[in-house]
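Data block below; observations after.
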Amino acid sequence: MAYLYQDKSRPAMERAKDLLSRMTVKEKVGQLNQRLYGFSIYERRGREIELTDEFKGEVESFGGLGVLYGLYRADPWSGKDFNTGLTGTLAPKAYNLVQRYVIEHSRLGIPMLLSSECPHGHQALSGYLLPVNLCVGASFHPELLRSAYQVCGKQLKEMGVHMALISVLDVLRDPRWGRSEECYGEDPYLSSELARAAVKGIQDNGIAAVAKHFCAQGEGTGGINASAARIGERELREIHLPAAKACCEASVKGIMAAYNEIDGIPCHGNKKLLTDILREEMQFKGTVMADGVAVDQLDVMTGDNVLSGALALKSGVDISLWDQGFAKLETALLKGFITVEDLDKAVLRVLTLKFELGLFEKPYLEEEATWEDYTYEKYPETLELARESVVLLKNENNILPLDGNKIRSIAVIGPNADELYHQLGDYTPPVKKEEGITVLKGIQDFIHKNGQETEVKFHRGCGLFKGSEEEIREAVKLSSSCDCTILVLGGSSSRFGGADFDTNGAAKSDGTINMDCGEGMDCADLRLPGSQTKLAEAVFQTGGPVITVLIQGRPYATGDIVEQSSGALCAFYPGIAGGQAIAEILFGKVNPSGHLPVSIPRHPGQIPVYYNYKNSYAGMKYYDIEKTPLYSFGYGLSYTDFLYTDFSVEYVPYEPGDRTGKNISENNDEDISGFTTGLETPLELEGEEVILKCKISSQNLSTGQIKINCNLTNTGGYDGYAVPQLYVRDLQASTIRRVKELKAFQKVWVPKGETRKCTLILDEEKLSIWNDKMEFTAEPGEFDLIVSDGNNDIWKGSLYLFESPVNIR
């Protein structure tokens with residue numbers, strides 16, 4: 001007899017409801033549990049895979065399995081490498097073995113979902129890896145990121161992964177936090193655009209993205225991981241919710257809750273956050289997953305693990321991770337802590353996702369298929385991301401790019417010059433040495449490929465945390481003997497140098513330290529770790545030109561080092577091909593186009609240092625240092641020059657097919673009066689300031705867009721990307737506003753000697769705020785409009801919004 005849920009012509013939700021009606025309570029609870037560490041459920045003996053008794057017992061205890069985490073995970077915590085993990089055709093073989101056991105031991109033949117970490121590429125053996133998020137944020141290039149995640153998604157799909165866990169929701173507000181590298185930056189708009197792109201890229205391949213972490217984990221107390229976010233609702237909505245909203249607009253299939261509490265309420269037990277805001281306001285339709293053992297951590301509040309599971313479920317969590325609380329939901333039901341309706345809502349979401357992904361029709365992989373090799377030559381997106389993310393901080397006397405034909409010898413010095421894992425970031429699988437390119441190798445390869453005769457000499461100088469006087473002396477001797485020194489400093493999130501781990505996989509900082517960043521590696525001091533500053537000072541004393549390259553997971557306070565450098569690059573963790581990208585920039589094959597996604601402090605005590613602070617106080621006002629960051633958000637130099645001309649502002653209504661728009665910088669009886677016209681000549685910053693003044697009614701703002709147009713001419717000697725950034729300053733509001741806020745940006749490729757048009761868009765949402773009644777609305781009043789290239793303000797305008805505000809929600 002065929003049941004309705006077996007009819008593939010029916011809608012997924014309809015099939016899921018029919019299946020749900022046939023399930024027992026135990027089977028329902030099983031669909032919500034993800035207790036197992038997938039990398040521990042098998043043992044590999046040569047080319048044979050054997051499932052453990054723990055796995056079989058879990059499946060049989062619930063009459064099935066809802067979700068399995070991390071079958072392919074490989075790293076020091078999992079203990080899986082190329083000898084013990086799943087490589088090549090062993091991956092589909094193991095997947096089918098696991099899936100078949102689940103289906104055959106499910107009374108109703110329900111397949112499992114497989115989730116896998118993909119914070120910057122798939123954390124699996126031979127997984128396609130990207131630069132970390134903080135590096136990617138510097139690219140200011142969402143379209144490129146989407147393309148890169150399409151590659152990741154394609155590989156994940158071929159390996160049978162259904163849920164890709166991607167770090168896209170955290171906004172970096174305190175660089176002491178060890179997970180700074182997982183953030184796209186300190187700005188909510190930039191973070192939102194990149195989060196949207198990542199979700200689309202993954203889901204373009206028909207798998208579900210699980211965006212994490214929801215919410216405000218980047219606002220932890222003192223930069224401590226999983227600590228309290230001591231913020232109010234307005235700060236939450238202005239800074240930390242926009243990325244989640246962008247993901248929901250991209251139809252994200254999953255959201256992972258965050259460890260932290262917000263104003264006393266843990267995210268996993270926060271119904272207002274997970275249900276009222278996420279599901280009702282943002283119209284999220286997918287599943288909410290818990291973070292590792294986070295449900296059990298609610299015990300500190302409930303005092304009862306059964307109550308913790310019940311609280312998480314009723315708050316909006318659908319799928320657990322490694323905890324015991326959700327395994328006790330049947331007990332919670334019997335005790336009256338939850339209702340059948342509470343349970344069914346979560347189970348229905350899980351079943352619907354399984355039907356949407358086609359698991360019932362195609363639960364297995366083809367084991368004999370030819371598996372694609374995801375090489376970085378075939379898929380250059382990760383290299384291109386690295387190229388576009390390196391930030392040129394300093395270029396004294398245009399020392400860069402280097403001319404390999406004029407330099408006889410280069411000294412490459414520093415603990416990060418030839419350590420591949422130091423440039424890959426946390427959540428990285430084992431990689432084969434020949435696949436990666438360090439800075440040293442990148443320089444050597446570039447010189448060799450270009451037929452140059454420059455001699456490249458290398459000395460580590462010191463370790464990341466330890467270094468001897470003898471090492472430093474040898475490095476200084478080497479530097480003195482060369483025409484130029486490349487000093488490669490920074491940090492590392494590599495777990496491969498040895499680390500102890502907590503139950504959720506976070507590194508423990510007690511004991512011997514071999515990493516300074518990553519999950520669990522929060523720091524109190526933002527100076528470079530170990531003897532690196534001492535090494536740098538010694539190298540500077542040689543008097544020769546020094547180019548400093550910073551490879552790091554957070555913005556360190558490196559003012560003294562940058563000041564004494566002739567040139568400086570910030571690369572964050574540029575990924576497996578990062579050394580090639582850095583070398584190409586050093587020698588001018590690639591023109592740097594990265595812009596800082598996070599401000600760099602002058603001093604470890606200059607925290608917070610983010611650019612978008614409230615205008616009710618003087619940010620960073622300390623008597624003993626300058627009152628600005630060392631480098632602010634958006635900053636980045638280039639080898640070429642760009643001229644911005646012919647600014648104009650136009651209003652373009654949303655009516656279908658009507659793309660003519662109307663120029664609001666000209667007189668108009670309806671909503672325009674007393675404006676200057678579009679600029680006819682380039683802005684002269686040194687001369688008299690010219691401000692374009694415009695007005696628009698709230699009615700028109702709600703039915704169209706404001707476009708700020710200009711021409712971009714590359715007047716220098718190199719092809720390159722320009723990154724114009726539009727900032728808004730709200731001058732009249734019912735709440736305290738920020739000194740400025742990024743509202744639009746564009747990455748524009750302009751060949752030397754050529755001109756391209758640039759358009760930056762404002763709309764009602766971008767001009768709206770959470771007002772004194774906590775309503776999201778565009779209030780009447782005046783706004784400063786500022787177009788910047790990241791280093792200087794190149795155009796200013798004034799916009800006046802009149803008539804009553806229009807609530808867009």
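The way I read the labels, and the way they are meant: chains A, B, ... in the order of the structure tokens, residue 1 as the first residue of every chain, and ligand 1 as the first ligand shown, with later ones counted on from there.
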Sel. of helix (DSSP H, G or I) residues, range 691-754 of chain A, as a list in words:
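Put together, the selection reads Ser698, Gln699, Asn700 and Leu701 of chain A.
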Spatial neighbours of range 619-631 of chain A, max dist 8 Å, only C-alpha atoms, sep filter under 4 positions, as a list of chain:residue names:
A:Leu393, A:Gly559, A:Ser599, A:Ile600, A:Pro601, A:Arg602, A:Gln606, A:Ile607, A:Pro608, A:Val609, A:Tyr613, A:Lys614, A:Tyr635
Using only C-alpha atoms, tabulate the residues of range 391-419 of chain A lying at most 9 Å from any atom of range 544-555 of chain A, each with its closest atom pair and that distance in Å to one decimal, by chain and increasing residue number, as a Markdown table.
| residue | atom | partner | partner_atom | distance |
| --- | --- | --- | --- | --- |
| A:Asn395 | CA | A:Ile547 | CA | 8.9 |
| A:Ile399 | CA | A:Pro545 | CA | 8.4 |
| A:Leu400 | CA | A:Ile547 | CA | 8.7 |
| A:Asn416 | CA | A:Ile551 | CA | 6.9 |
| A:Ala417 | CA | A:Val549 | CA | 8.8 |
Limited to N, CA, C and O atoms, could you put the picked residues into a file as an mmCIF file, in the first residue's frame?
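Saved as selection.cif:
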data_model
loop_
_atom_site.group_PDB
_atom_site.id
_atom_site.type_symbol
_atom_site.label_atom_id
_atom_site.label_comp_id
_atom_site.auth_asym_id
_atom_site.auth_seq_id
_atom_site.Cartn_x
_atom_site.Cartn_y
_atom_site.Cartn_z
ATOM 1 N N ASN A 395 52.849 52.407 1.700
ATOM 2 C CA ASN A 395 53.724 52.295 0.533
ATOM 3 C C ASN A 395 54.596 53.539 0.439
ATOM 4 O O ASN A 395 54.422 54.394 -0.419
ATOM 5 N N ILE A 399 57.669 52.245 -2.675
ATOM 6 C CA ILE A 399 58.629 51.140 -2.688
ATOM 7 C C ILE A 399 58.036 49.896 -3.338
ATOM 8 O O ILE A 399 58.749 49.063 -3.894
ATOM 9 N N LEU A 400 56.720 49.781 -3.274
ATOM 10 C CA LEU A 400 56.021 48.682 -3.947
ATOM 11 C C LEU A 400 55.348 49.209 -5.205
ATOM 12 O O LEU A 400 54.890 50.359 -5.239
ATOM 13 N N ASN A 416 55.742 33.404 10.033
ATOM 14 C CA ASN A 416 54.633 33.084 9.135
ATOM 15 C C ASN A 416 55.043 33.064 7.666
ATOM 16 O O ASN A 416 54.189 32.993 6.786
ATOM 17 N N ALA A 417 56.344 33.118 7.410
ATOM 18 C CA ALA A 417 56.811 33.167 6.027
ATOM 19 C C ALA A 417 56.698 31.825 5.318
ATOM 20 O O ALA A 417 56.477 31.776 4.102
#
Near-Ser479 in chain A list (12 Å; only C-alpha atoms; drop same-chain fewer than 4 positions) as a VMD selection string:
chain A and resid 409 to 414 456 to 461 472 to 475 483 to 487 535 to 536 538 to 547
Within 9 Å of Trp371 in chain A, counting only C-alpha atoms, which residues show up once you throw out same-chain ones fewer than 4 positions away? Write them as a ChimeraX atom specification, please.
/A:88-89,158
Restrict the selected residues to C-alpha atoms and save them as a PDB file, in the first residue's frame.
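The result, written out as selection_39.pdb:
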ATOM      1  CA  GLY A  88      38.319   9.628  -2.541  1.00  0.00           C
ATOM      2  CA  THR A  89      35.796   6.866  -3.166  1.00  0.00           C
ATOM      3  CA  GLU A 158      28.775  15.410  -4.690  1.00  0.00           C
TER       4      GLU A 158
END
If you count only C-alpha atoms, which residues fall within 8 Å of Gly575 in chain A, apart from same-chain ones fewer than 2 positions away, as a ChimeraX atom specification?
/A:129-132,382,386,423-425,573,577-578
For Glu233 in chain A, which residue out of A:Leu273, A:Tyr69, A:Ser481, A:Lys335 is the nearest one, using only C-alpha atoms?
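Answer, going by the shortest atom-to-atom distance: A:Leu273.
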For range 496-544 of chain A versus range 285-297 of chain A, which residues have an atom no more than 10 Å away, and what is each residue's nearest atom pair and distance in Å rounded to one decimal, using only C-alpha atoms, chain-then-number order, as a tab-separated table?
residue	atom	partner	partner_atom	distance
A:Thr503	CA	A:Val293	CA	7.8
A:Asn504	CA	A:Gly292	CA	5.3
A:Gly505	CA	A:Gly292	CA	8.4
A:Ala506	CA	A:Gly292	CA	9.9
Just write the chosen residues, N, CA, C and O atoms, as a compact mmCIF listing (two decimals), in the first residue's frame.
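The resulting selection_10.txt:
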# COMPACT_ATOMS: atom_id res chain seq x y z
N THR A 503 34.60 19.72 24.88
CA THR A 503 33.62 18.78 24.32
C THR A 503 32.97 19.28 23.04
O THR A 503 32.43 18.50 22.27
N ASN A 504 33.01 20.59 22.81
CA ASN A 504 32.43 21.14 21.59
C ASN A 504 33.48 21.42 20.52
O ASN A 504 33.20 22.06 19.52
N GLY A 505 34.71 20.95 20.75
CA GLY A 505 35.76 21.10 19.74
C GLY A 505 36.57 22.36 19.86
O GLY A 505 37.55 22.53 19.14
N ALA A 506 36.18 23.28 20.76
CA ALA A 506 36.96 24.50 20.93
C ALA A 506 38.31 24.18 21.55
O ALA A 506 38.43 23.29 22.40
Would you list the contacts of range 153-157 of chain A as a VMD selection string, taking every protein, DNA or RNA residue within 10 Å and counting only C-alpha atoms, but skipping same-chain residues closer than 5 positions in sequence?
chain A and resid 115 to 116 118 121 to 122 124 126 to 128 147 to 148 162 to 164 198 to 209 365 371 to 374
